[in-house]
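S.K.: Quick one: the structure is below, questions incoming.
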Amino acid sequence: MTAPRMTARLLAILVVICGGVVGVVARPVAPAAASLDTVGQVRPSGPMLGDFRIGFSESRPRRIADQPLQCYDGWLQSMANGKYVAAELNYTGAGEGELRARSSSVGSWERFELCWNVNNNPFELAIRSLANGKWVSAELQYTGALYGMLRARATSIGPWETFNGGSGLRNKANWKFVSAELQYTGIRYGMLRARADRYGPWEQFRNPGP
């Protein structure tokens with residue numbers, strides 16, 4: 001067994017124990033594809049935990065700011081409306097790269113790189129859009145209905161770009177759960193925001209598995 005594969009299995013065990021939040025797949029497999037222990041496809045591991053079925057493939061080690069990260073290609077799906085999360089790269093200004101749970105299938109805007117072990121913590125991760133190469137930030141300087149908006153816009157990983165996946169998906173800077181705003185309409189429908197104090201249906205995301 002290779003070292004990256006051993007690391008991937010260890011992370012899978014740790015995340016399953018604590019109720020991990022992010023499903024991962026290897027590019028370019030479609031969401032429904034799965035094959036046990038086949039490199040380049042989903043390897044389901046563990047039961048449904050209320051929000052995610054954890055599926056790990058080969059890890060891709062990276063070093064960012066001297067942090068040894070374990071990265072995977074993946075996607076997010078809201079359990080509340082069944083939609084995949086997209087980075088809105090056609091938006092401009094303060095909404096450029098906004099994350100929304102609004103897609104019925106996985107395309108280039110719905111693919112993300114998920115990097116665990118941020119700050120040498122196996123439960124902390126950063127999320128990077130594979131479409132524009134930017135890290136996802138929680139915009140904590142925004143106010144009102146846009147507070148905590150998630151956007152793929154950062155070139156480095158800081159507190160606003162760090163999330164805890166130990167139980168639900170929480171932003172490290174404000175310790176709020178990420179929600180899909182399904183009451184919003186128009187171009188803001190399904191916006192992801194780090195703003196919830198409690199973990200409920202709108203805070204549940206998953207990889208649907210096989």
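FYI, nothing fancy with the structure tokens labels: chains A, B, ... in order, residues from 1 per chain, ligands from 1 as they appear.
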Need to verify the contact set: stretch 203-205 of chain A, 6 Å, only C-alpha atoms, exclusion of same-chain residues closer than 5 positions in sequence. Can you return it as a list in words?

M.R.: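 Within the cut-off, the hits are Asp51, Gln77, Ser78, Met79, Val178 and Ser179 of chain A.
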
S.K.: Leaving out A:Ile157 and any residue of its chain fewer than 5 positions from it, which residues lie within 12 Å of it when counting only C-alpha atoms, given as a tab-separated table (two decimals) with all heavy atoms, in the first residue's frame?

M.R.:
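File written: around.tsv
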```tsv
chain	number	residue	atom	x	y	z
A	63	ARG	N	2.13	20.94	-0.71
A	63	ARG	CA	2.66	21.79	0.34
A	63	ARG	C	2.31	23.23	0.00
A	63	ARG	O	2.66	23.74	-1.05
A	63	ARG	CB	4.17	21.63	0.49
A	63	ARG	CG	4.59	20.27	0.99
A	63	ARG	CD	6.05	20.26	1.42
A	63	ARG	NE	6.27	21.03	2.63
A	63	ARG	CZ	6.13	20.53	3.85
A	63	ARG	NH1	5.76	19.28	4.03
A	63	ARG	NH2	6.35	21.29	4.92
A	64	ILE	N	1.57	23.87	0.90
A	64	ILE	CA	1.16	25.27	0.72
A	64	ILE	C	1.56	26.00	1.99
A	64	ILE	O	1.10	25.65	3.08
A	64	ILE	CB	-0.34	25.39	0.46
A	64	ILE	CG1	-0.72	24.64	-0.84
A	64	ILE	CG2	-0.77	26.84	0.37
A	64	ILE	CD1	-2.20	24.60	-1.11
A	65	ALA	N	2.40	27.01	1.86
A	65	ALA	CA	2.89	27.76	3.02
A	65	ALA	C	3.44	26.80	4.07
A	65	ALA	O	3.15	26.92	5.26
A	65	ALA	CB	1.78	28.63	3.60
A	66	ASP	N	4.24	25.83	3.59
A	66	ASP	CA	4.89	24.84	4.46
A	66	ASP	C	3.91	23.95	5.20
A	66	ASP	O	4.26	23.33	6.21
A	66	ASP	CB	5.82	25.53	5.47
A	66	ASP	CG	7.01	26.20	4.79
A	66	ASP	OD1	7.48	25.65	3.78
A	66	ASP	OD2	7.44	27.26	5.27
A	67	GLN	N	2.67	23.86	4.71
A	67	GLN	CA	1.70	22.95	5.31
A	67	GLN	C	1.60	21.69	4.45
A	67	GLN	O	1.34	21.78	3.25
A	67	GLN	CB	0.33	23.60	5.40
A	67	GLN	CG	0.27	24.82	6.30
A	67	GLN	CD	-1.14	25.33	6.47
A	67	GLN	OE1	-2.01	24.64	7.00
A	67	GLN	NE2	-1.40	26.53	5.99
A	69	LEU	N	-0.44	19.14	3.01
A	69	LEU	CA	-1.87	18.91	2.81
A	69	LEU	C	-2.10	17.63	2.03
A	69	LEU	O	-1.25	17.19	1.26
A	69	LEU	CB	-2.49	20.08	2.06
A	69	LEU	CG	-2.28	21.48	2.66
A	69	LEU	CD1	-2.96	22.52	1.78
A	69	LEU	CD2	-2.81	21.54	4.09
A	115	CYS	N	-8.66	20.13	0.26
A	115	CYS	CA	-7.35	19.91	0.88
A	115	CYS	C	-7.49	19.86	2.40
A	115	CYS	O	-7.82	20.87	3.04
A	115	CYS	CB	-6.38	21.02	0.48
A	115	CYS	SG	-5.87	20.93	-1.25
A	116	TRP	N	-7.23	18.68	2.96
A	116	TRP	CA	-7.32	18.46	4.40
A	116	TRP	C	-5.97	18.69	5.07
A	116	TRP	O	-4.95	18.76	4.42
A	116	TRP	CB	-7.81	17.05	4.68
A	116	TRP	CG	-9.21	16.79	4.24
A	116	TRP	CD1	-9.64	16.43	2.98
A	116	TRP	CD2	-10.40	16.89	5.03
A	116	TRP	NE1	-11.00	16.30	2.95
A	116	TRP	CE2	-11.49	16.57	4.19
A	116	TRP	CE3	-10.62	17.21	6.36
A	116	TRP	CZ2	-12.80	16.55	4.66
A	116	TRP	CZ3	-11.93	17.19	6.83
A	116	TRP	CH2	-13.02	16.87	5.98
A	118	VAL	N	-5.15	21.31	7.01
A	118	VAL	CA	-4.74	22.71	7.15
A	118	VAL	C	-4.38	22.96	8.61
A	118	VAL	O	-5.03	22.45	9.52
A	118	VAL	CB	-5.88	23.66	6.72
A	118	VAL	CG1	-5.50	25.11	6.95
A	118	VAL	CG2	-6.24	23.44	5.25
A	119	ASN	N	-3.32	23.71	8.83
A	119	ASN	CA	-2.81	23.97	10.18
A	119	ASN	C	-2.43	22.68	10.90
A	119	ASN	O	-2.47	22.59	12.14
A	119	ASN	CB	-3.83	24.74	11.03
A	119	ASN	CG	-4.18	26.08	10.43
A	119	ASN	OD1	-3.30	26.81	9.95
A	119	ASN	ND2	-5.46	26.43	10.42
A	124	GLU	N	-9.41	20.02	9.55
A	124	GLU	CA	-9.52	21.32	8.90
A	124	GLU	C	-9.17	21.20	7.42
A	124	GLU	O	-8.23	20.50	7.06
A	124	GLU	CB	-8.61	22.34	9.59
A	124	GLU	CG	-9.09	22.69	10.99
A	124	GLU	CD	-8.30	23.82	11.63
A	124	GLU	OE1	-7.38	24.37	10.97
A	124	GLU	OE2	-8.60	24.16	12.79
A	125	LEU	N	-9.93	21.91	6.61
A	125	LEU	CA	-9.73	21.84	5.17
A	125	LEU	C	-9.90	23.19	4.51
A	125	LEU	O	-10.52	24.10	5.06
A	125	LEU	CB	-10.71	20.85	4.54
A	125	LEU	CG	-12.19	21.25	4.44
A	125	LEU	CD1	-12.85	20.55	3.26
A	125	LEU	CD2	-12.94	20.92	5.73
A	126	ALA	N	-9.34	23.28	3.31
A	126	ALA	CA	-9.54	24.42	2.43
A	126	ALA	C	-10.10	23.88	1.13
A	126	ALA	O	-9.82	22.75	0.73
A	126	ALA	CB	-8.24	25.18	2.20
A	127	ILE	N	-10.91	24.70	0.46
A	127	ILE	CA	-11.61	24.27	-0.75
A	127	ILE	C	-11.22	25.21	-1.89
A	127	ILE	O	-11.34	26.43	-1.76
A	127	ILE	CB	-13.13	24.31	-0.54
A	127	ILE	CG1	-13.53	23.44	0.67
A	127	ILE	CG2	-13.87	23.85	-1.79
A	127	ILE	CD1	-14.98	23.62	1.11
A	128	ARG	N	-10.77	24.64	-3.00
A	128	ARG	CA	-10.33	25.44	-4.14
A	128	ARG	C	-11.15	25.11	-5.37
A	128	ARG	O	-11.35	23.93	-5.69
A	128	ARG	CB	-8.84	25.19	-4.42
A	128	ARG	CG	-8.24	26.11	-5.48
A	128	ARG	CD	-6.73	25.88	-5.60
A	128	ARG	NE	-6.43	24.58	-6.17
A	128	ARG	CZ	-6.23	24.36	-7.48
A	128	ARG	NH1	-6.30	25.35	-8.34
A	128	ARG	NH2	-5.96	23.15	-7.91
A	134	LYS	N	-9.01	29.42	-7.50
A	134	LYS	CA	-9.10	30.26	-6.30
A	134	LYS	C	-9.64	29.47	-5.11
A	134	LYS	O	-10.50	28.60	-5.25
A	134	LYS	CB	-10.00	31.47	-6.56
A	134	LYS	CG	-9.58	32.34	-7.72
A	134	LYS	CD	-8.28	33.06	-7.46
A	134	LYS	CE	-7.98	34.06	-8.59
A	134	LYS	NZ	-6.71	34.78	-8.35
A	135	TRP	N	-9.14	29.83	-3.92
A	135	TRP	CA	-9.62	29.24	-2.68
A	135	TRP	C	-10.93	29.89	-2.26
A	135	TRP	O	-11.15	31.07	-2.49
A	135	TRP	CB	-8.58	29.40	-1.57
A	135	TRP	CG	-7.29	28.69	-1.86
A	135	TRP	CD1	-6.14	29.25	-2.32
A	135	TRP	CD2	-7.03	27.29	-1.73
A	135	TRP	NE1	-5.17	28.29	-2.49
A	135	TRP	CE2	-5.69	27.08	-2.13
A	135	TRP	CE3	-7.79	26.20	-1.30
A	135	TRP	CZ2	-5.10	25.81	-2.12
A	135	TRP	CZ3	-7.21	24.94	-1.29
A	135	TRP	CH2	-5.88	24.76	-1.70
A	136	VAL	N	-11.78	29.08	-1.65
A	136	VAL	CA	-13.09	29.56	-1.20
A	136	VAL	C	-12.94	30.32	0.11
A	136	VAL	O	-12.37	29.82	1.08
A	136	VAL	CB	-14.06	28.39	-1.03
A	136	VAL	CG1	-15.36	28.84	-0.37
A	136	VAL	CG2	-14.34	27.73	-2.38
A	137	SER	N	-13.49	31.53	0.15
A	137	SER	CA	-13.46	32.40	1.33
A	137	SER	C	-14.88	32.61	1.85
A	137	SER	O	-15.84	32.62	1.08
A	137	SER	CB	-12.88	33.78	0.99
A	137	SER	OG	-11.57	33.68	0.52
A	138	ALA	N	-14.99	32.80	3.15
A	138	ALA	CA	-16.25	33.27	3.75
A	138	ALA	C	-16.11	34.78	3.95
A	138	ALA	O	-15.22	35.24	4.67
A	138	ALA	CB	-16.50	32.59	5.08
A	152	ALA	N	-15.22	31.79	-4.36
A	152	ALA	CA	-13.94	31.27	-4.83
A	152	ALA	C	-13.15	32.45	-5.37
A	152	ALA	O	-13.25	32.82	-6.54
A	152	ALA	CB	-14.16	30.22	-5.92
A	162	THR	N	-10.38	28.73	5.79
A	162	THR	CA	-10.23	27.48	6.52
A	162	THR	C	-11.57	27.04	7.10
A	162	THR	O	-12.28	27.84	7.71
A	162	THR	CB	-9.20	27.64	7.65
A	162	THR	OG1	-7.96	28.07	7.10
A	162	THR	CG2	-8.99	26.32	8.38
A	163	PHE	N	-11.89	25.77	6.90
A	163	PHE	CA	-13.15	25.21	7.39
A	163	PHE	C	-12.86	23.98	8.25
A	163	PHE	O	-11.87	23.29	8.05
A	163	PHE	CB	-14.06	24.84	6.22
A	163	PHE	CG	-14.45	26.01	5.37
A	163	PHE	CD1	-13.63	26.44	4.34
A	163	PHE	CD2	-15.62	26.71	5.62
A	163	PHE	CE1	-13.96	27.55	3.56
A	163	PHE	CE2	-15.97	27.81	4.85
A	163	PHE	CZ	-15.14	28.23	3.82
A	172	LYS	N	-13.65	28.52	10.07
A	172	LYS	CA	-12.77	28.61	11.23
A	172	LYS	C	-12.81	30.00	11.86
A	172	LYS	O	-12.66	30.13	13.09
A	172	LYS	CB	-11.33	28.28	10.80
A	172	LYS	CG	-10.30	28.25	11.92
A	172	LYS	CD	-10.51	27.07	12.83
A	172	LYS	CE	-9.46	27.03	13.93
A	172	LYS	NZ	-8.10	26.81	13.38
A	173	ALA	N	-13.00	31.05	11.07
A	173	ALA	CA	-12.91	32.41	11.58
A	173	ALA	C	-14.10	32.81	12.46
A	173	ALA	O	-13.93	33.48	13.48
A	173	ALA	CB	-12.76	33.41	10.43
```

S.K.: Using only C-alpha atoms, which of A:Pro159, A:Gly166, A:Gly93, A:Gly148 sits nearest A:Leu192?

M.R.: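 Nearest to A:Leu192: A:Gly148.
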
S.K.: Do a neighbour search on A:Thr143 at 12 Å with only C-alpha atoms, toss out local chain neighbours closer than 6 positions, and write the hits as a PDB file with C-alpha atoms, in the first residue's frame.

M.R.:
```pdb
ATOM      1  CA  ALA A  94     -18.668  41.508  -4.845  1.00  0.00           C
ATOM      2  CA  MET A 149     -21.062  34.515   1.559  1.00  0.00           C
ATOM      3  CA  ARG A 193     -23.077  31.379   3.672  1.00  0.00           C
ATOM      4  CA  ARG A 195     -23.840  32.067   9.173  1.00  0.00           C
TER       5      ARG A 195
END
```

S.K.: What is the atom CA of A:Asn164-atom CA of A:Ser108 distance in Å, reported with one decimal?

M.R.: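 It comes out at 24.8 Å.
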
S.K.: So which one's closest to A:Gly82, A:Ser156, A:Ser104, A:Asn120, A:Gln70? Using only C-alpha atoms, please.

M.R.: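 Checking each of A:Ser156, A:Ser104, A:Asn120, A:Gln70 against A:Gly82, counting only C-alpha atoms, the winner is A:Ser104.
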
S.K.: For A:Gly97, which residue out of A:Ala196, A:Ala131, A:Ala145, A:Leu169 is the nearest one, using only C-alpha atoms?

M.R.: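 Of all the options, A:Ala131 lies closest to A:Gly97.
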
S.K.: Calculate how many Å separate atom CA of A:Gln183 from atom CA of A:Glu96, rounding to one decimal.

M.R.: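 Spanning atom CA of A:Gln183 to atom CA of A:Glu96 is a straight-line distance of 20.7 Å.
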
S.K.: Please determine, counting only C-alpha atoms, which residue among A:Gly74, A:Asn171, A:Lys176, A:Ala80 has the shortest atom-to-atom distance to A:Leu130.

M.R.: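 Counting only C-alpha atoms, the residue closest to A:Leu130 is A:Gly74.
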
S.K.: Need to verify the contact set: A:Gly95, 9 Å, only C-alpha atoms, exclusion of same-chain residues closer than 6 positions in sequence. Can you return it as a PyMOL selection string?

M.R.: chain A and resi 88-89+149+151

S.K.: State, in Å with one decimal place, the distance from atom CA of A:Met191 to atom CA of A:Arg100.

M.R.: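 Separation between atom CA of A:Met191 and atom CA of A:Arg100: 4.2 Å.
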